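Have a look at the structure below, then the notes.
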Amino acid sequence: MNYNIAVIPGDGIGPEIITEAMKVLDQVGRKFGHTFTYTEVLMGGVSIDTTGEPLTKEALETAKASDSVLLGAVGGNVGHSNWYSLPPHLRPEAGLLAIRKGLGLFCNLRPAVLFEQLKQACPLKDEIIGDGFDFVVVRELTGGVYFGERKTTVENGIRKAVDTMPYDENEVKRIARWAFEVASKRKRRVCSVDKANVLDTSRLWRQVVKEVAMEYPEVTLTDMLVDNCAMQIVKDPTQFDVILTENMFGDILSDEASMVTGSIGMLASASLGESKLGLYEPSHGSAPDIAGKNIANPIATILSAAMMLRYSFDLTKEADSIENAVKEVLNLGLRTADIMSEGCTLIGTREMGDSIVGQI
Ligand code: NAD
Ligand code: IPM
Ligand code: MN
């Protein structure tokens with residue numbers, strides 16, 4: 001079978017990690033008898049430089065017409081790039097927000113799994129890690145402060161800026177249902193994270209999540225305030241199964257979650273909506289500090305490609321083959337710099353991709 005994938009390499013390390021993910025997909029295609037046809041789509045800084053916009057209408061249409069979207073990362077070095085002298089809606093990240101919204105991808109899954117082989121790279125003590133942890137952040141992706149009205153003004157000579165954080169009950173309901181569905185196939189625990197001691201949106205969130213929980217009597221719901229959650233992820237990550245949270249809290253908590261797995265270079269993500277068309281990208285950014293040096297870890301992108309096979313194409317054994325190959329390569333002691341530890345062999349981005357291909 002042929003699958004049409006819109007590929008967005010993006011900026012910084014984006015093209016380097018995307019190349020490795022495509023190599024891996026091609027190997028899966030050879031092994032299992034599928035073809036993956038790629039259409040390159042411009043987004044982010046590279047699109048601004050070429051078209052003047054972070055995501056053109058045509059680019060969005062190409063993404064919509066594909067079976068799935070695979071993304072590297074967008075953005076530059078804030079403060080050192082002329083992309084950031086543009087108004088906010090014309091900066092690289094605006095392209096990312098526009099494609100998420102344009103494709104209706106309200107659910108972002110970010111699985112934080114500590115691979116057995118990476119215990120040494122995990123900054124937490126052995127007694128905290130125990131037998132390891134495996135939780136998933138279910139992040140609301142098309143609402144909240146990212147999409148609320150905003151304004152920057154000067155009033156009486158004083159510079160002022162306002163962001164707003166709107167949520168309605170339907171937005172909360174659909175992401176909550178997703179989290180409960182995910183939990184019902186896992187350890188059946190949802191921890192809903194909010195700031196209900198301060199924010200009205202969080203009080204609405206907490207109430208609606210509680211109502212949705214009634215539909216899932218087999219799943220246990222707990223609530224946690226976001227500041228406490230940030231602390232608990234470091235104190236005892238093994239306590240979590242599904243963390244359900246709104247857009248910005250999920251952004252911040254998932255970077256934190258990635259680090260306890262060893263590196264942000266390990267955290268994959270899937271952005272999903274009502275249809276099978278999803279967007280798959282690593283949780284990290286364009287890492288301008290290491291771009292072009294063949295040192296970025298491509299595993300988060302490669303594992304995101306595996307999520308694409310699983311969620312958009314229902315290719316379970318193909319997805320498993322990628323995940324197993326990653327484990328095998330880690331078993332062999334091969335490491336990019338971000339997950340390097342004593343006794344292991346340091347390799348680059350390309351070599352990591354080749355090694356994973358080799359294992360498939
Ligand atoms: P970042 O995630 O790009 O980098 C943070 C740190 O992690 C850096 O030290 C970087 O070198 C390291 N890192 C990131 N990915 C890595 C990898 N695969 N292997 C090894 N090390 C890795 O975050 P930032 O520096 O805050 O942001 C840079 C740009 O990326 C900004 O413009 C930001 O808006 C953008 N960004 C884009 C996305 C996306 O496209 N999905 C996500 C996050 C940030
Ligand atoms: C992410 C990124 C984006 C976000 C930025 C680049 C808009 O940090 O995907 O985690 O905040 O969603
Ligand atoms: Mn982020």
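Identifiers in this document derive from the order of the structure tokens: chains are assigned A, B, ..., residues are numbered from 1 separately in each chain, and ligands are numbered from 1 in order of occurrence.
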
Kindly assemble as CSV a list of the chain A residues that lie within 8 Å of ligand 1, each paired with its nearest atom pair and their distance in Å to one decimal, using only C-alpha atoms and all ligand atoms, sorted first by chain and then by ascending residue number.
```
residue,atom,partner,partner_atom_place_in_ligand_line,distance
A:Gly10,CA,ligand 1,40 (O),7.6
A:Gly12,CA,ligand 1,30 (O),7.9
A:Ile13,CA,ligand 1,18 (N),7.5
A:Ile17,CA,ligand 1,18 (N),7.4
A:Leu71,CA,ligand 1,40 (O),7.6
A:Gly72,CA,ligand 1,40 (O),6.6
A:Ala73,CA,ligand 1,40 (O),3.3
A:Val74,CA,ligand 1,40 (O),4.0
A:Gly75,CA,ligand 1,32 (O),3.4
A:Gly76,CA,ligand 1,32 (O),4.2
A:Asn77,CA,ligand 1,32 (O),5.7
A:Val78,CA,ligand 1,32 (O),5.8
A:Pro92,CA,ligand 1,32 (O),7.2
A:Glu93,CA,ligand 1,34 (O),5.8
A:Leu96,CA,ligand 1,40 (O),6.6
A:Ser263,CA,ligand 1,21 (N),7.3
A:Ile264,CA,ligand 1,15 (N),5.8
A:Gly265,CA,ligand 1,18 (N),3.8
A:Met266,CA,ligand 1,18 (N),7.3
A:Glu281,CA,ligand 1,41 (N),6.5
A:Pro282,CA,ligand 1,41 (N),6.6
A:Ser283,CA,ligand 1,42 (C),5.8
A:His284,CA,ligand 1,2 (O),3.7
A:Gly285,CA,ligand 1,3 (O),3.2
A:Ser286,CA,ligand 1,30 (O),4.1
A:Ala287,CA,ligand 1,3 (O),3.3
A:Pro288,CA,ligand 1,28 (C),6.0
A:Asp289,CA,ligand 1,11 (O),5.3
A:Ile290,CA,ligand 1,11 (O),5.2
A:Ala291,CA,ligand 1,11 (O),7.9
A:Ile295,CA,ligand 1,20 (C),6.8
A:Ala296,CA,ligand 1,19 (N),3.7
A:Asn297,CA,ligand 1,19 (N),3.7
A:Pro298,CA,ligand 1,18 (N),5.6
A:Ile299,CA,ligand 1,18 (N),7.3
A:Ala300,CA,ligand 1,18 (N),6.8
A:Thr301,CA,ligand 1,18 (N),7.9
A:Thr336,CA,ligand 1,20 (C),7.6
A:Ala337,CA,ligand 1,20 (C),7.1
A:Asp338,CA,ligand 1,20 (C),5.2
```

Could you dump the residues just selected with C-alpha atoms as a PDB file, in the first residue's frame?
```pdb
ATOM      1  CA  GLY A  10      11.562  23.126   8.979  1.00  0.00           C
ATOM      2  CA  GLY A  12      17.640  24.325  12.541  1.00  0.00           C
ATOM      3  CA  ILE A  13      18.128  20.609  13.156  1.00  0.00           C
ATOM      4  CA  ILE A  17      16.410  14.656  11.971  1.00  0.00           C
ATOM      5  CA  LEU A  71       7.482  17.511  11.011  1.00  0.00           C
ATOM      6  CA  GLY A  72      11.030  18.279  12.161  1.00  0.00           C
ATOM      7  CA  ALA A  73      10.894  21.588  14.029  1.00  0.00           C
ATOM      8  CA  VAL A  74      10.507  25.273  13.284  1.00  0.00           C
ATOM      9  CA  GLY A  75      11.968  28.440  14.732  1.00  0.00           C
ATOM     10  CA  GLY A  76      15.301  30.061  15.121  1.00  0.00           C
ATOM     11  CA  ASN A  77      17.474  31.574  17.696  1.00  0.00           C
ATOM     12  CA  VAL A  78      15.130  34.069  19.336  1.00  0.00           C
ATOM     13  CA  PRO A  92       8.032  30.808  12.483  1.00  0.00           C
ATOM     14  CA  GLU A  93       6.007  29.314  15.354  1.00  0.00           C
ATOM     15  CA  LEU A  96       3.041  25.511  13.639  1.00  0.00           C
ATOM     16  CA  SER A 263      16.887  13.795  27.062  1.00  0.00           C
ATOM     17  CA  ILE A 264      14.470  15.959  25.155  1.00  0.00           C
ATOM     18  CA  GLY A 265      15.882  14.168  22.109  1.00  0.00           C
ATOM     19  CA  MET A 266      13.876  11.066  23.128  1.00  0.00           C
ATOM     20  CA  GLU A 281       6.874  15.668  15.459  1.00  0.00           C
ATOM     21  CA  PRO A 282       9.462  15.456  18.194  1.00  0.00           C
ATOM     22  CA  SER A 283       8.556  17.497  21.275  1.00  0.00           C
ATOM     23  CA  HIS A 284      11.738  19.491  21.084  1.00  0.00           C
ATOM     24  CA  GLY A 285      12.486  22.523  18.945  1.00  0.00           C
ATOM     25  CA  SER A 286      14.881  23.423  16.169  1.00  0.00           C
ATOM     26  CA  ALA A 287      17.877  23.475  18.559  1.00  0.00           C
ATOM     27  CA  PRO A 288      19.749  26.258  16.731  1.00  0.00           C
ATOM     28  CA  ASP A 289      22.713  25.806  19.081  1.00  0.00           C
ATOM     29  CA  ILE A 290      23.528  22.391  17.598  1.00  0.00           C
ATOM     30  CA  ALA A 291      22.141  22.715  14.052  1.00  0.00           C
ATOM     31  CA  ILE A 295      24.995  15.791  16.760  1.00  0.00           C
ATOM     32  CA  ALA A 296      21.221  16.095  17.260  1.00  0.00           C
ATOM     33  CA  ASN A 297      19.427  13.017  18.512  1.00  0.00           C
ATOM     34  CA  PRO A 298      16.994  11.841  15.790  1.00  0.00           C
ATOM     35  CA  ILE A 299      15.267   9.251  18.020  1.00  0.00           C
ATOM     36  CA  ALA A 300      12.327  11.477  19.078  1.00  0.00           C
ATOM     37  CA  THR A 301      11.551  12.084  15.391  1.00  0.00           C
ATOM     38  CA  THR A 336      24.164  10.535  20.566  1.00  0.00           C
ATOM     39  CA  ALA A 337      25.792  13.172  22.766  1.00  0.00           C
ATOM     40  CA  ASP A 338      22.628  14.119  24.695  1.00  0.00           C
TER      41      ASP A 338
END
```

So that I can check the secondary structure, give me every residue of stretch 191-287 of chain A assigned strand (DSSP E) by backbone DSSP, as a PyMOL selection string. chain A and resi 191-194+220-225+242-245+270-272+279-280

Write out, as a PDB file, in the first residue's frame, the residues just selected, with C-alpha atoms.
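Below you can see again18.pdb, which holds the result:
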```pdb
ATOM      1  CA  CYS A 191      -4.290  12.806  36.672  1.00  0.00           C
ATOM      2  CA  SER A 192      -5.881  16.043  35.491  1.00  0.00           C
ATOM      3  CA  VAL A 193      -3.538  18.985  35.976  1.00  0.00           C
ATOM      4  CA  ASP A 194      -4.767  22.557  36.335  1.00  0.00           C
ATOM      5  CA  THR A 220      -9.537   6.569  38.465  1.00  0.00           C
ATOM      6  CA  LEU A 221      -9.391  10.368  38.263  1.00  0.00           C
ATOM      7  CA  THR A 222      -7.213  12.543  40.452  1.00  0.00           C
ATOM      8  CA  ASP A 223      -6.613  16.289  40.216  1.00  0.00           C
ATOM      9  CA  MET A 224      -3.309  18.022  40.768  1.00  0.00           C
ATOM     10  CA  LEU A 225      -2.234  21.639  40.678  1.00  0.00           C
ATOM     11  CA  VAL A 242      -2.008   9.646  31.986  1.00  0.00           C
ATOM     12  CA  ILE A 243      -1.481  13.344  32.696  1.00  0.00           C
ATOM     13  CA  LEU A 244      -4.320  15.362  31.175  1.00  0.00           C
ATOM     14  CA  THR A 245      -3.758  19.088  30.896  1.00  0.00           C
ATOM     15  CA  ALA A 270       1.464  12.730  17.939  1.00  0.00           C
ATOM     16  CA  SER A 271      -1.067  15.487  17.305  1.00  0.00           C
ATOM     17  CA  LEU A 272      -4.471  14.049  16.504  1.00  0.00           C
ATOM     18  CA  LEU A 279       0.871  15.462  12.660  1.00  0.00           C
ATOM     19  CA  TYR A 280       3.921  13.759  14.097  1.00  0.00           C
TER      20      TYR A 280
END
```

So that I can check the surroundings of stretch 197-206 of chain A, please list as a CSV table (one decimal) with C-alpha atoms, in the first residue's frame every protein, DNA and RNA residue that reaches within 7 Å of it, counting only C-alpha atoms and ignoring chain neighbours fewer than 3 positions away.
```
chain,number,residue,atom,x,y,z
A,166,PRO,CA,-10.3,31.0,26.8
A,167,TYR,CA,-11.7,27.4,27.0
A,172,VAL,CA,-12.4,20.4,27.6
A,194,ASP,CA,-4.8,22.6,36.3
A,209,VAL,CA,-13.2,16.5,33.6
A,210,LYS,CA,-15.1,15.2,36.6
```

Name the residues in contact with A:Gly262 at a cut-off of 7 Å, using only C-alpha atoms, excluding same-chain residues fewer than 4 positions from it; report them as a PyMOL selection string. chain A and resi 118+121-123+258+339

For C-alpha atoms, I'd like the residues from the last selection saved as a PDB file, in the first residue's frame.
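Heads up, here's the output in part36.pdb:
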```pdb
ATOM      1  CA  LEU A 118      18.900   4.878  29.431  1.00  0.00           C
ATOM      2  CA  ALA A 121      21.310   9.022  31.286  1.00  0.00           C
ATOM      3  CA  CYS A 122      18.344   9.770  33.565  1.00  0.00           C
ATOM      4  CA  PRO A 123      19.208  12.552  36.012  1.00  0.00           C
ATOM      5  CA  SER A 258      11.309  14.470  28.495  1.00  0.00           C
ATOM      6  CA  ILE A 339      22.153  10.552  26.038  1.00  0.00           C
TER       7      ILE A 339
END
```

Neighbour list for A:Lys31 as a ChimeraX atom specification, cut-off 12 Å, only C-alpha atoms, skip fewer than 3 positions in-chain: /A:24-28,34-35,317-318,321-322,357-360

Might you pull out every residue within 9 Å of stretch 180-182 of chain A, with only C-alpha atoms counted and same-chain residues fewer than 5 positions away left off, and present them as a short mmCIF file (atom, residue, chain, number, x, y, z; two decimals) with C-alpha atoms, in the first residue's frame?
```cif
data_model
loop_
_atom_site.label_atom_id
_atom_site.label_comp_id
_atom_site.auth_asym_id
_atom_site.auth_seq_id
_atom_site.Cartn_x
_atom_site.Cartn_y
_atom_site.Cartn_z
CA VAL A 136 1.81 9.95 28.69
CA VAL A 138 -2.32 14.30 26.93
CA ILE A 175 -9.70 16.21 25.21
CA ARG A 188 -6.55 3.26 34.05
CA ARG A 189 -5.43 6.37 35.92
CA VAL A 190 -5.93 9.96 34.79
CA VAL A 212 -16.50 13.11 31.76
CA ALA A 213 -14.99 10.77 34.36
CA GLU A 215 -18.56 7.94 31.67
CA TYR A 216 -15.45 5.91 32.59
CA VAL A 219 -10.69 4.80 35.29
CA LEU A 221 -9.39 10.37 38.26
CA VAL A 242 -2.01 9.65 31.99
CA LEU A 244 -4.32 15.36 31.17
#
```

Could you give me, as a list of chain:residue names, the residues within 12 Å of A:Asn331, counting only C-alpha atoms and dropping anything in the same chain fewer than 5 positions from it? A:Phe115, A:Glu116, A:Gln117, A:Leu118, A:Lys119, A:Asn324, A:Ala325, A:Val326, A:Gly343, A:Cys344, A:Thr345, A:Ser355, A:Ile356, A:Gln359

Any chance you could export the current selection's N, CA and C atoms as a PDB file, in the first residue's frame?
```
ATOM      1  N   PHE A 115      13.520   4.303  28.846  1.00  0.00           N
ATOM      2  CA  PHE A 115      14.047   3.049  28.321  1.00  0.00           C
ATOM      3  C   PHE A 115      15.023   2.488  29.350  1.00  0.00           C
ATOM      4  N   GLU A 116      14.870   1.214  29.622  1.00  0.00           N
ATOM      5  CA  GLU A 116      15.754   0.465  30.520  1.00  0.00           C
ATOM      6  C   GLU A 116      17.230   0.834  30.283  1.00  0.00           C
ATOM      7  N   GLN A 117      17.580   0.930  28.985  1.00  0.00           N
ATOM      8  CA  GLN A 117      18.985   1.158  28.596  1.00  0.00           C
ATOM      9  C   GLN A 117      19.456   2.569  28.928  1.00  0.00           C
ATOM     10  N   LEU A 118      18.503   3.477  29.219  1.00  0.00           N
ATOM     11  CA  LEU A 118      18.900   4.878  29.431  1.00  0.00           C
ATOM     12  C   LEU A 118      18.875   5.290  30.905  1.00  0.00           C
ATOM     13  N   LYS A 119      18.797   4.299  31.792  1.00  0.00           N
ATOM     14  CA  LYS A 119      18.766   4.631  33.220  1.00  0.00           C
ATOM     15  C   LYS A 119      19.959   5.498  33.614  1.00  0.00           C
ATOM     16  N   ASN A 324      11.354  -1.419  18.446  1.00  0.00           N
ATOM     17  CA  ASN A 324      12.306  -2.472  18.832  1.00  0.00           C
ATOM     18  C   ASN A 324      13.703  -2.161  18.322  1.00  0.00           C
ATOM     19  N   ALA A 325      13.787  -1.615  17.111  1.00  0.00           N
ATOM     20  CA  ALA A 325      15.105  -1.285  16.545  1.00  0.00           C
ATOM     21  C   ALA A 325      15.791  -0.214  17.399  1.00  0.00           C
ATOM     22  N   VAL A 326      15.017   0.758  17.882  1.00  0.00           N
ATOM     23  CA  VAL A 326      15.596   1.797  18.752  1.00  0.00           C
ATOM     24  C   VAL A 326      16.163   1.140  20.010  1.00  0.00           C
ATOM     25  N   GLY A 343      31.047   4.163  29.074  1.00  0.00           N
ATOM     26  CA  GLY A 343      31.051   2.807  28.520  1.00  0.00           C
ATOM     27  C   GLY A 343      30.286   2.688  27.206  1.00  0.00           C
ATOM     28  N   CYS A 344      29.617   3.774  26.785  1.00  0.00           N
ATOM     29  CA  CYS A 344      28.848   3.738  25.536  1.00  0.00           C
ATOM     30  C   CYS A 344      29.665   4.323  24.394  1.00  0.00           C
ATOM     31  N   THR A 345      29.159   4.164  23.164  1.00  0.00           N
ATOM     32  CA  THR A 345      29.870   4.673  21.990  1.00  0.00           C
ATOM     33  C   THR A 345      29.147   5.898  21.445  1.00  0.00           C
ATOM     34  N   SER A 355      22.026   3.178  12.088  1.00  0.00           N
ATOM     35  CA  SER A 355      22.022   2.025  12.992  1.00  0.00           C
ATOM     36  C   SER A 355      20.599   1.507  13.193  1.00  0.00           C
ATOM     37  N   ILE A 356      19.652   2.419  13.308  1.00  0.00           N
ATOM     38  CA  ILE A 356      18.255   1.997  13.490  1.00  0.00           C
ATOM     39  C   ILE A 356      17.754   1.306  12.218  1.00  0.00           C
ATOM     40  N   GLN A 359      19.007  -2.206  12.148  1.00  0.00           N
ATOM     41  CA  GLN A 359      18.300  -3.132  13.033  1.00  0.00           C
ATOM     42  C   GLN A 359      16.946  -3.538  12.460  1.00  0.00           C
TER      43      GLN A 359
END
```

Ligand 3: which residues are within 9 Å, counting only C-alpha atoms and all ligand atoms? Reply as a list in words.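 Those residues are Met248, Gly250, Asp251, Ile252, Leu253, Ser254, Asp255, Ser283, His284 and Gly285 of chain A.
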
Pull N, CA and C atoms from the residues just selected and write them as a compact mmCIF listing (two decimals), in the first residue's frame.
```
# COMPACT_ATOMS: atom_id res chain seq x y z
N MET A 248 -0.79 25.19 27.46
CA MET A 248 0.50 25.71 27.91
C MET A 248 1.10 24.87 29.04
N GLY A 250 0.73 21.76 29.38
CA GLY A 250 1.22 20.54 28.73
C GLY A 250 2.54 20.77 28.01
N ASP A 251 2.69 21.95 27.44
CA ASP A 251 3.95 22.30 26.78
C ASP A 251 5.10 22.25 27.79
N ILE A 252 4.88 22.88 28.92
CA ILE A 252 5.95 23.00 29.92
C ILE A 252 6.21 21.64 30.59
N LEU A 253 5.13 20.97 31.00
CA LEU A 253 5.32 19.69 31.70
C LEU A 253 5.94 18.64 30.79
N SER A 254 5.65 18.71 29.48
CA SER A 254 6.21 17.66 28.61
C SER A 254 7.71 17.85 28.39
N ASP A 255 8.20 19.08 28.36
CA ASP A 255 9.67 19.27 28.31
C ASP A 255 10.30 18.71 29.58
N SER A 283 9.05 16.43 20.39
CA SER A 283 8.56 17.50 21.28
C SER A 283 9.52 18.67 21.37
N HIS A 284 10.75 18.42 20.98
CA HIS A 284 11.74 19.49 21.08
C HIS A 284 11.66 20.46 19.90
N GLY A 285 12.49 21.51 19.98
CA GLY A 285 12.49 22.52 18.95
C GLY A 285 13.61 22.35 17.94
```
